[in-house]
$ cat work09.cif   # mmCIF, C-alpha atoms
data_run
loop_
_atom_site.label_atom_id
_atom_site.label_comp_id
_atom_site.auth_asym_id
_atom_site.auth_seq_id
_atom_site.Cartn_x
_atom_site.Cartn_y
_atom_site.Cartn_z
CA MET U 87 -26.03 11.91 -20.42
CA THR U 88 -24.69 9.56 -17.77
CA ILE U 89 -23.23 10.77 -14.48
CA LYS U 90 -19.73 9.81 -15.63
CA GLU U 91 -20.17 11.71 -18.89
CA ALA U 92 -21.34 14.73 -16.88
CA ILE U 93 -18.24 14.49 -14.67
CA LEU U 94 -15.91 14.32 -17.64
CA ARG U 95 -17.57 17.30 -19.33
CA SER U 96 -17.49 19.31 -16.10
CA LEU U 97 -13.78 18.67 -15.57
CA GLU U 98 -13.20 19.67 -19.20
CA GLU U 99 -14.96 22.97 -18.61
CA ILE U 100 -13.50 23.68 -15.16
CA LYS U 101 -10.01 22.95 -16.58
CA GLU U 102 -8.10 23.04 -13.25
CA PRO U 103 -7.90 20.42 -10.48
CA THR U 104 -11.03 20.61 -8.36
CA ASN U 105 -12.90 18.64 -5.72
CA TYR U 106 -16.04 16.51 -6.02
CA SER U 107 -18.26 19.21 -4.48
CA LYS U 108 -17.38 21.78 -7.14
CA VAL U 109 -17.84 19.17 -9.85
CA CYS U 110 -21.30 18.44 -8.46
CA ASP U 111 -22.17 22.16 -8.32
CA HIS U 112 -21.08 22.52 -11.95
CA ILE U 113 -23.22 19.58 -13.06
CA ILE U 114 -26.25 21.04 -11.30
CA ALA U 115 -25.63 24.57 -12.62
CA LYS U 116 -25.32 23.31 -16.18
CA LYS U 117 -28.30 20.96 -15.72
CA TYR U 118 -26.34 18.01 -17.10
CA ILE U 119 -28.02 15.63 -14.65
CA ASP U 120 -31.34 15.86 -12.88
CA PHE U 121 -30.67 14.40 -9.46
CA GLY U 122 -34.37 14.66 -8.71
CA SER U 123 -35.16 13.92 -5.09
CA ALA U 124 -31.71 12.52 -4.38
CA LYS U 125 -30.61 13.80 -0.99
CA THR U 126 -26.88 13.40 -1.49
CA PRO U 127 -25.82 14.30 -5.07
CA ASN U 128 -22.38 15.24 -3.70
CA ALA U 129 -21.90 11.69 -2.40
CA THR U 130 -22.99 10.29 -5.78
CA VAL U 131 -20.42 12.40 -7.64
CA SER U 132 -17.73 11.53 -5.07
CA ALA U 133 -18.44 7.80 -5.46
CA GLN U 134 -18.31 8.02 -9.27
CA LEU U 135 -15.00 9.90 -9.17
CA GLY U 136 -13.70 7.19 -6.85
CA ASP U 137 -14.80 4.57 -9.39
CA PHE U 138 -12.74 6.26 -12.11
CA ILE U 139 -9.64 5.95 -9.91
CA ARG U 140 -10.27 2.45 -8.50
CA ASN U 141 -11.03 1.04 -11.95
CA GLY U 142 -7.85 2.50 -13.40
CA ASP U 143 -9.72 4.70 -15.88
CA ALA U 144 -6.94 6.64 -17.63
CA ARG U 145 -9.11 9.68 -18.33
CA ILE U 146 -9.07 11.08 -14.78
CA LYS U 147 -6.33 11.58 -12.20
CA ARG U 148 -6.31 13.06 -8.72
CA ILE U 149 -3.96 14.80 -6.31
CA LYS U 150 -4.00 14.62 -2.52
CA MET U 151 -4.87 17.84 -0.72
CA PRO U 152 -4.67 18.84 2.97
CA GLY U 153 -7.29 17.24 5.19
CA ASN U 154 -7.27 13.93 3.30
CA THR U 155 -9.28 15.32 0.39
CA TYR U 156 -8.64 15.04 -3.36
CA ASN U 157 -8.70 17.32 -6.37
CA TYR U 158 -9.48 15.72 -9.73
CA TYR U 159 -8.46 16.67 -13.25
CA LEU U 160 -8.45 15.29 -16.78
CA THR U 161 -5.31 13.40 -17.72
CA LYS U 162 -5.18 15.09 -21.11
CA ASN U 163 -4.82 18.45 -19.34
CA GLU U 164 -1.87 17.29 -17.25
CA SER U 165 0.69 19.06 -19.45
CA GLU U 166 -1.01 22.36 -18.60
CA ILE U 167 -1.05 21.61 -14.87
CA ASN U 168 2.16 21.69 -12.83
CA VAL U 169 1.26 18.64 -10.75
CA ASP U 170 4.65 18.38 -9.03
CA ALA U 171 4.42 22.01 -7.97
CA LEU U 172 0.95 21.38 -6.53
CA ALA U 173 2.24 18.34 -4.65
CA GLU U 174 5.18 20.29 -3.24
CA ALA U 175 2.83 23.08 -2.20
CA VAL U 176 0.70 20.59 -0.29
CA SER U 177 3.86 19.30 1.41
CA ALA U 178 5.08 22.78 2.33
CA PRO U 179 4.56 24.24 5.84
CA GLN U 180 1.12 25.78 6.29
CA ASN U 181 0.31 28.16 9.13
CA GLY U 182 3.50 27.20 10.86
CA THR U 183 2.68 23.48 10.80
CA THR U 184 4.36 21.04 8.45
CA LYS U 185 2.33 18.53 6.50
CA LYS U 186 4.09 15.73 8.34
CA ALA U 187 3.24 17.10 11.76
CA GLU U 188 -0.35 17.70 10.67
CA LYS U 189 -0.85 14.19 9.35
CA ILE U 190 0.75 12.42 12.31
CA LYS U 191 -2.26 13.64 14.29
CA VAL U 192 -4.49 11.80 11.81
CA TYR U 193 -2.84 8.42 11.48
CA GLU U 194 0.69 7.07 11.65
CA GLU U 195 2.59 4.94 9.18
CA ARG U 196 2.60 1.91 11.45
CA ASP U 197 -1.18 2.08 11.73
CA LEU U 198 -1.15 0.87 8.12
CA HIS U 199 0.81 -2.29 8.98
CA ARG U 200 -2.29 -4.29 9.95
CA LEU U 201 -3.94 -3.37 6.65
CA LEU U 202 -0.92 -4.59 4.69
CA VAL U 203 -0.67 -7.73 6.83
CA THR U 204 -4.36 -8.42 6.17
CA TYR U 205 -3.83 -8.07 2.42
CA LEU U 206 -0.76 -10.33 2.52
CA LYS U 207 -2.67 -12.96 4.50
CA SER U 208 -5.21 -13.11 1.67
CA THR U 209 -2.33 -14.12 -0.63
CA ASP U 210 -1.23 -16.91 1.78
CA THR U 211 1.76 -14.86 2.97
CA PHE U 212 2.87 -14.89 6.61
CA SER U 213 4.17 -11.44 7.55
CA LYS U 214 5.71 -9.66 10.50
CA THR U 215 6.69 -6.09 11.41
CA ILE U 216 10.40 -5.60 12.08
CA TYR U 217 11.03 -2.82 14.59
CA HIS U 218 14.40 -1.28 13.73
CA GLU U 219 14.40 0.50 17.12
CA GLN U 220 14.97 -2.89 18.76
CA SER U 221 18.12 -3.62 16.75
CA LYS U 222 21.64 -3.06 17.93
CA ASN U 223 22.34 0.64 17.44
CA GLY U 224 18.61 1.00 16.87
CA SER U 225 18.74 4.76 17.42
CA ASP U 226 20.93 5.12 14.33
CA SER U 227 18.81 6.70 11.57
CA ASN U 228 20.68 4.60 9.03
CA GLN U 229 18.85 1.55 10.36
CA THR U 230 15.81 2.60 8.34
CA TRP U 231 17.88 1.99 5.20
CA THR U 232 18.90 -1.48 6.41
CA HIS U 233 15.71 -2.94 7.87
CA PRO U 234 12.49 -3.67 6.00
CA ASP U 235 9.28 -2.45 7.63
CA ILE U 236 7.64 -5.86 7.15
CA VAL U 237 8.97 -9.26 6.13
CA GLY U 238 6.86 -11.98 4.55
CA VAL U 239 7.18 -15.62 3.56
CA LYS U 240 5.02 -17.69 1.23
CA PHE U 241 5.33 -21.45 1.01
CA LEU U 242 4.67 -23.41 -2.14
CA LYS U 243 1.59 -25.58 -1.73
CA LEU U 244 1.75 -28.74 -3.84
CA GLN U 245 -1.18 -31.10 -4.25
CA THR U 246 0.53 -34.36 -3.38
CA LYS U 247 2.84 -35.42 -0.59
CA ALA U 248 5.17 -37.12 -3.08
CA SER U 249 5.75 -33.99 -5.17
CA HIS U 250 6.21 -31.87 -2.05
CA ASN U 251 8.83 -34.19 -0.59
CA PHE U 252 10.57 -34.51 -3.94
CA LEU U 253 10.91 -30.74 -4.31
CA LYS U 254 12.21 -30.39 -0.75
CA ALA U 255 14.81 -33.06 -1.44
CA VAL U 256 15.95 -31.50 -4.72
CA ASN U 257 15.96 -27.81 -3.84
CA LYS U 258 14.58 -26.51 -0.56
CA THR U 259 14.84 -22.88 -1.68
CA ASP U 260 12.08 -23.50 -4.22
CA THR U 261 9.60 -24.44 -1.50
CA PHE U 262 9.35 -20.88 -0.13
CA LYS U 263 9.82 -17.24 -1.13
CA LEU U 264 10.85 -14.39 1.18
CA SER U 265 9.63 -10.85 0.61
CA SER U 266 10.48 -7.42 2.00
CA TYR U 267 8.11 -4.46 2.26
CA GLU U 268 8.88 -0.75 2.69
CA LEU U 269 5.67 1.01 3.74
CA LYS U 270 4.83 4.72 3.39
CA ARG U 271 1.71 6.67 4.18
CA GLU U 272 1.68 8.60 0.93
CA ILE U 273 3.97 9.61 -1.91
CA ASN U 274 2.99 12.84 -3.64
CA SER U 275 6.01 14.04 -5.60
CA ASP U 276 8.86 12.76 -7.73
CA SER U 277 11.40 13.47 -4.99
CA GLU U 278 9.34 11.58 -2.38
CA LEU U 279 9.01 8.65 -4.77
CA LYS U 280 12.74 8.37 -5.44
CA LYS U 281 13.67 8.59 -1.76
CA ALA U 282 11.16 5.90 -0.78
CA PHE U 283 11.97 3.70 -3.75
CA PHE U 284 15.69 3.60 -3.12
CA GLN U 285 15.07 3.01 0.56
CA ALA U 286 13.13 -0.08 -0.56
CA VAL U 287 16.02 -1.05 -2.86
CA SER U 288 18.46 -0.72 0.06
CA ASN U 289 16.55 -2.68 2.69
CA SER U 290 15.21 -5.47 0.46
CA SER U 291 18.45 -6.60 -1.18
CA TRP U 292 18.38 -9.82 0.85
CA ALA U 293 14.90 -11.00 -0.24
CA ASN U 294 13.47 -12.88 -3.22
CA TYR U 295 10.99 -10.05 -3.75
CA GLY U 296 11.11 -6.41 -2.66
CA TYR U 297 8.14 -4.03 -2.58
CA LEU U 298 7.43 -0.36 -1.99
CA VAL U 299 3.95 0.05 -0.50
CA ALA U 300 2.02 3.29 0.01
CA PHE U 301 -1.51 4.15 1.03
CA GLU U 302 -1.57 6.90 -1.58
CA PHE U 303 0.44 7.54 -4.75
CA ALA U 304 -0.03 10.70 -6.81
CA ASP U 305 -1.45 9.65 -10.16
CA SER U 306 1.15 11.73 -11.99
CA LEU U 307 3.90 9.35 -10.76
CA LYS U 308 2.77 6.22 -12.62
CA GLU U 309 5.18 6.63 -15.52
CA GLU U 310 8.19 7.16 -13.24
CA MET U 311 7.14 4.24 -11.04
CA GLU U 312 7.07 2.01 -14.11
CA ARG U 313 10.55 3.17 -15.16
CA LEU U 314 12.02 2.56 -11.70
CA ASN U 315 10.34 -0.85 -11.48
CA GLN U 316 11.78 -1.93 -14.83
CA SER U 317 15.25 -0.67 -13.93
CA PHE U 318 15.57 -1.97 -10.36
CA GLY U 319 12.92 -4.68 -9.98
CA ILE U 320 11.22 -3.36 -6.85
CA GLY U 321 7.47 -4.00 -6.97
CA ILE U 322 4.91 -1.35 -6.06
CA ILE U 323 1.68 -1.94 -4.14
CA GLU U 324 -1.08 0.61 -3.55
CA LEU U 325 -2.66 -0.18 -0.20
CA SER U 326 -6.38 0.36 0.32
CA SER U 327 -8.36 0.92 3.51
CA ASN U 328 -10.15 -2.23 2.40
CA PRO U 329 -7.03 -4.44 2.20
CA TYR U 330 -8.67 -6.79 -0.29
CA GLN U 331 -8.90 -3.92 -2.78
CA SER U 332 -5.15 -3.26 -2.60
CA LYS U 333 -3.42 -3.42 -5.98
CA VAL U 334 -0.02 -4.57 -7.19
CA LEU U 335 0.69 -1.70 -9.57
CA PHE U 336 4.00 -3.19 -10.71
CA PRO U 337 5.23 -6.72 -9.84
CA SER U 338 8.53 -7.36 -8.10
CA HIS U 339 11.29 -9.11 -10.04
CA TYR U 340 12.60 -12.36 -8.53
CA ARG U 341 16.12 -12.45 -7.05
CA ASP U 342 18.15 -15.13 -5.31
CA LEU U 343 18.42 -14.79 -1.56
CA ASP U 344 21.42 -12.88 -0.21
CA PHE U 345 22.40 -15.08 2.73
CA LYS U 346 25.19 -12.78 3.92
CA THR U 347 22.73 -9.92 4.35
CA ILE U 348 20.20 -12.25 5.98
CA ASP U 349 22.93 -13.27 8.43
CA LYS U 350 23.75 -9.61 9.10
CA LEU U 351 20.10 -8.77 9.79
CA CYS U 352 19.76 -11.80 12.08
CA LYS U 353 22.72 -10.56 14.13
CA MET U 354 21.29 -7.05 14.29
CA ASN U 355 17.65 -7.81 15.07
CA SER U 356 16.36 -10.68 17.20
CA GLU U 357 12.81 -10.43 15.78
CA PHE U 358 14.11 -10.87 12.25
CA GLN U 359 16.22 -13.82 13.43
CA ASN U 360 13.18 -15.36 15.13
CA PHE U 361 11.16 -15.03 11.93
CA ILE U 362 13.89 -16.70 9.84
CA GLU U 363 14.26 -19.51 12.39
CA HIS U 364 10.52 -20.25 12.29
CA CYS U 365 10.56 -20.22 8.48
CA GLU U 366 13.41 -22.75 8.49
CA LYS U 367 11.62 -24.87 11.07
CA LEU U 368 8.46 -25.06 8.97
CA MET U 369 10.42 -25.69 5.80
CA THR U 370 12.16 -28.72 7.29
CA ALA U 371 9.35 -30.05 9.49
CA ASP U 372 8.23 -33.64 9.22
CA ASP U 373 4.74 -34.00 7.75
CA ARG U 374 3.37 -34.99 11.15
CA TYR U 375 4.35 -31.61 12.60
CA ILE U 376 3.48 -29.29 9.70
CA THR U 377 0.22 -28.03 11.23
CA GLY U 378 1.72 -27.29 14.64
CA THR U 379 4.82 -25.68 13.17
CA GLU U 380 2.72 -23.51 10.86
CA LYS U 381 0.71 -22.34 13.89
CA GLU U 382 3.95 -21.41 15.67
CA LEU U 383 4.97 -19.24 12.72
CA SER U 384 1.51 -17.69 12.59
CA ASP U 385 1.68 -16.89 16.32
CA ILE U 386 4.84 -14.78 15.98
CA CYS U 387 3.50 -12.91 12.93
CA ASP U 388 1.31 -9.82 12.96
CA LYS U 389 -2.39 -10.54 13.37
CA PRO U 390 -4.55 -9.72 10.34
CA LEU U 391 -8.00 -8.17 10.53
CA THR U 392 -10.59 -10.83 9.76
CA THR U 393 -13.92 -9.17 8.87
CA ASP U 394 -15.13 -6.05 7.04
CA GLN U 395 -16.61 -4.82 10.32
CA GLU U 396 -13.27 -5.21 12.09
CA ILE U 397 -11.44 -3.46 9.25
CA ALA U 398 -13.89 -0.54 9.21
CA ASN U 399 -13.74 -0.13 12.99
CA TYR U 400 -9.94 -0.27 12.94
CA CYS U 401 -9.77 2.45 10.27
CA LYS U 402 -12.16 4.60 12.25
CA GLU U 403 -10.16 4.12 15.45
CA LYS U 404 -6.88 5.01 13.73
CA ASN U 405 -8.39 7.84 11.66
CA ILE U 406 -7.40 6.13 8.41
CA PRO U 407 -9.40 7.52 5.47
CA VAL U 408 -11.85 4.92 4.20
CA GLU U 409 -13.28 4.22 0.77
CA ASP U 410 -17.00 4.13 0.05
CA TRP U 411 -17.26 0.47 1.09
CA ALA U 412 -16.86 1.45 4.77
CA LEU U 413 -18.85 4.67 4.83
CA SER U 414 -22.21 3.11 5.65
CA GLU U 415 -23.60 3.82 9.07
CA THR U 416 -23.78 0.11 9.88
CA ASN U 417 -20.08 -0.37 9.28
CA LEU U 418 -18.96 2.59 11.35
CA ASN U 419 -21.23 2.15 14.36
#
$ encode --input "work09.cif" --output "structure tokens"
Amino acid sequence: MTIKEAILRSLEEIKEPTNYSKVCDHIIAKKYIDFGSAKTPNATVSAQLGDFIRNGDARIKRIKMPGNTYNYYLTKNESEINVDALAEAVSAPQNGTTKKAEKIKVYEERDLHRLLVTYLKSTDTFSKTIYHEQSKNGSDSNQTWTHPDIVGVKFLKLQTKASHNFLKAVNKTDTFKLSSYELKREINSDSELKKAFFQAVSNSSWANYGYLVAFEFADSLKEEMERLNQSFGIGIIELSSNPYQSKVLFPSHYRDLDFKTIDKLCKMNSEFQNFIEHCEKLMTADDRYITGTEKELSDICDKPLTTDQEIANYCKEKNIPVEDWALSETNLN
């Protein structure tokens, strides 16, 4: 019996959502696997459970629990488990402290921006945080339904100068694509998903592509995410502590730019206006000035993390939960 087979059998027998430690204890008690002299069987089981999730194996799902831990269960048993009720229970006040207040002490939503920016940089996308507090009437809570958290631009890279110049002459809008990103720390329930999704719909209406991004989605929400994506076109990205392992769960549908809304956002927020101006400057730059103009755009954008060591240290500093890739002692020293 392989370790993954032992995990699946254990979850079948335990029946309810449970953590990696209890799965490991069950495997040992039933003698499904002889870990021999292995010093950390718990870590082995935890890593294998993580592989099920990262590889998109449909047999196992998980739910986020307090303290940044997970409970795992078999997908086929989902109908017998009230996953939404469990998610709401996790979100409910505990010992007089709300989940939100508890998690703010761990890491904040904007701590995730550099991880998303790092992922976007790997796709040749320039991106920048837009601080709605700096807009006119920035204290108005409605601003969060108008402004994206992050804006991005990707320029079409053609192989020859002739084809590039020809496309610019025919249709400049085809030489670049603007994207909008609404970022959340985690989305655990259907109600949280709908609120975040329609916030993304609201504040990305101006862009070619709109995305909802979260560090953690409850596995039980995949079907509803697919339905919303098909109906409204907003893409969904699951962000990882290793940005290069982030996944586009559902792609965004292309839309023409809404220049009236872009104009409105430029009037409201000087940082957004500055970003648009630099995009236009690069789009129209003479070939002699492309490199310098691209550097100017890069300078006003958020700075990505550049190495695995830097990413791991950043996550440790911000108390962002890390995957197994960053758990080695060398990475976290």
$ closest_residue --input "work09.cif" --among "U:Ile320, U:Thr130, U:Gly122, U:Glu164" --to "His339 in chain U" --atoms "only C-alpha atoms"
U:Ile320
$ atom_distance --input "work09.cif" --atom1 "CA of Glu380 in chain U" --atom2 "CA of Leu368 in chain U"
6.2 Å
$ atom_distance --input "work09.cif" --atom1 "CA of Cys365 in chain U" --atom2 "CA of Tyr297 in chain U"
19.8 Å
$ resolve_selection --input "work09.cif" --expression "the PyMOL selection byres ((chain U and resi 241) around 7)" --output "ChimeraX atom specification"
/U:239-240,242-243,261-263
$ closest_residue --input "work09.cif" --among "U:Trp292, U:Phe318, U:Phe358, U:Tyr106" --to "Phe345 in chain U" --atoms "only C-alpha atoms"
U:Trp292
$ decode --input "work09.cif" --residues "range 298-320 of chain U" --atoms "C-alpha atoms" --output "tab-separated table (two decimals), in the first residue's frame"
chain	number	residue	atom	x	y	z
U	298	LEU	CA	-10.69	37.77	-8.30
U	299	VAL	CA	-7.60	36.57	-6.44
U	300	ALA	CA	-7.46	34.84	-3.05
U	301	PHE	CA	-4.76	33.13	-1.04
U	302	GLU	CA	-7.23	30.44	-0.06
U	303	PHE	CA	-10.50	29.20	-1.56
U	304	ALA	CA	-12.60	26.53	0.14
U	305	ASP	CA	-12.58	23.49	-2.12
U	306	SER	CA	-16.37	23.21	-1.88
U	307	LEU	CA	-16.73	26.48	-3.85
U	308	LYS	CA	-15.24	25.28	-7.15
U	309	GLU	CA	-18.59	24.56	-8.80
U	310	GLU	CA	-20.04	27.95	-7.87
U	311	MET	CA	-16.84	29.71	-8.97
U	312	GLU	CA	-17.15	28.05	-12.37
U	313	ARG	CA	-20.79	29.14	-12.69
U	314	LEU	CA	-20.00	32.75	-11.78
U	315	ASN	CA	-17.02	32.80	-14.14
U	316	GLN	CA	-19.12	31.56	-17.05
U	317	SER	CA	-21.91	34.04	-16.31
U	318	PHE	CA	-19.88	37.21	-15.66
U	319	GLY	CA	-16.43	36.57	-17.15
U	320	ILE	CA	-14.35	37.43	-14.10
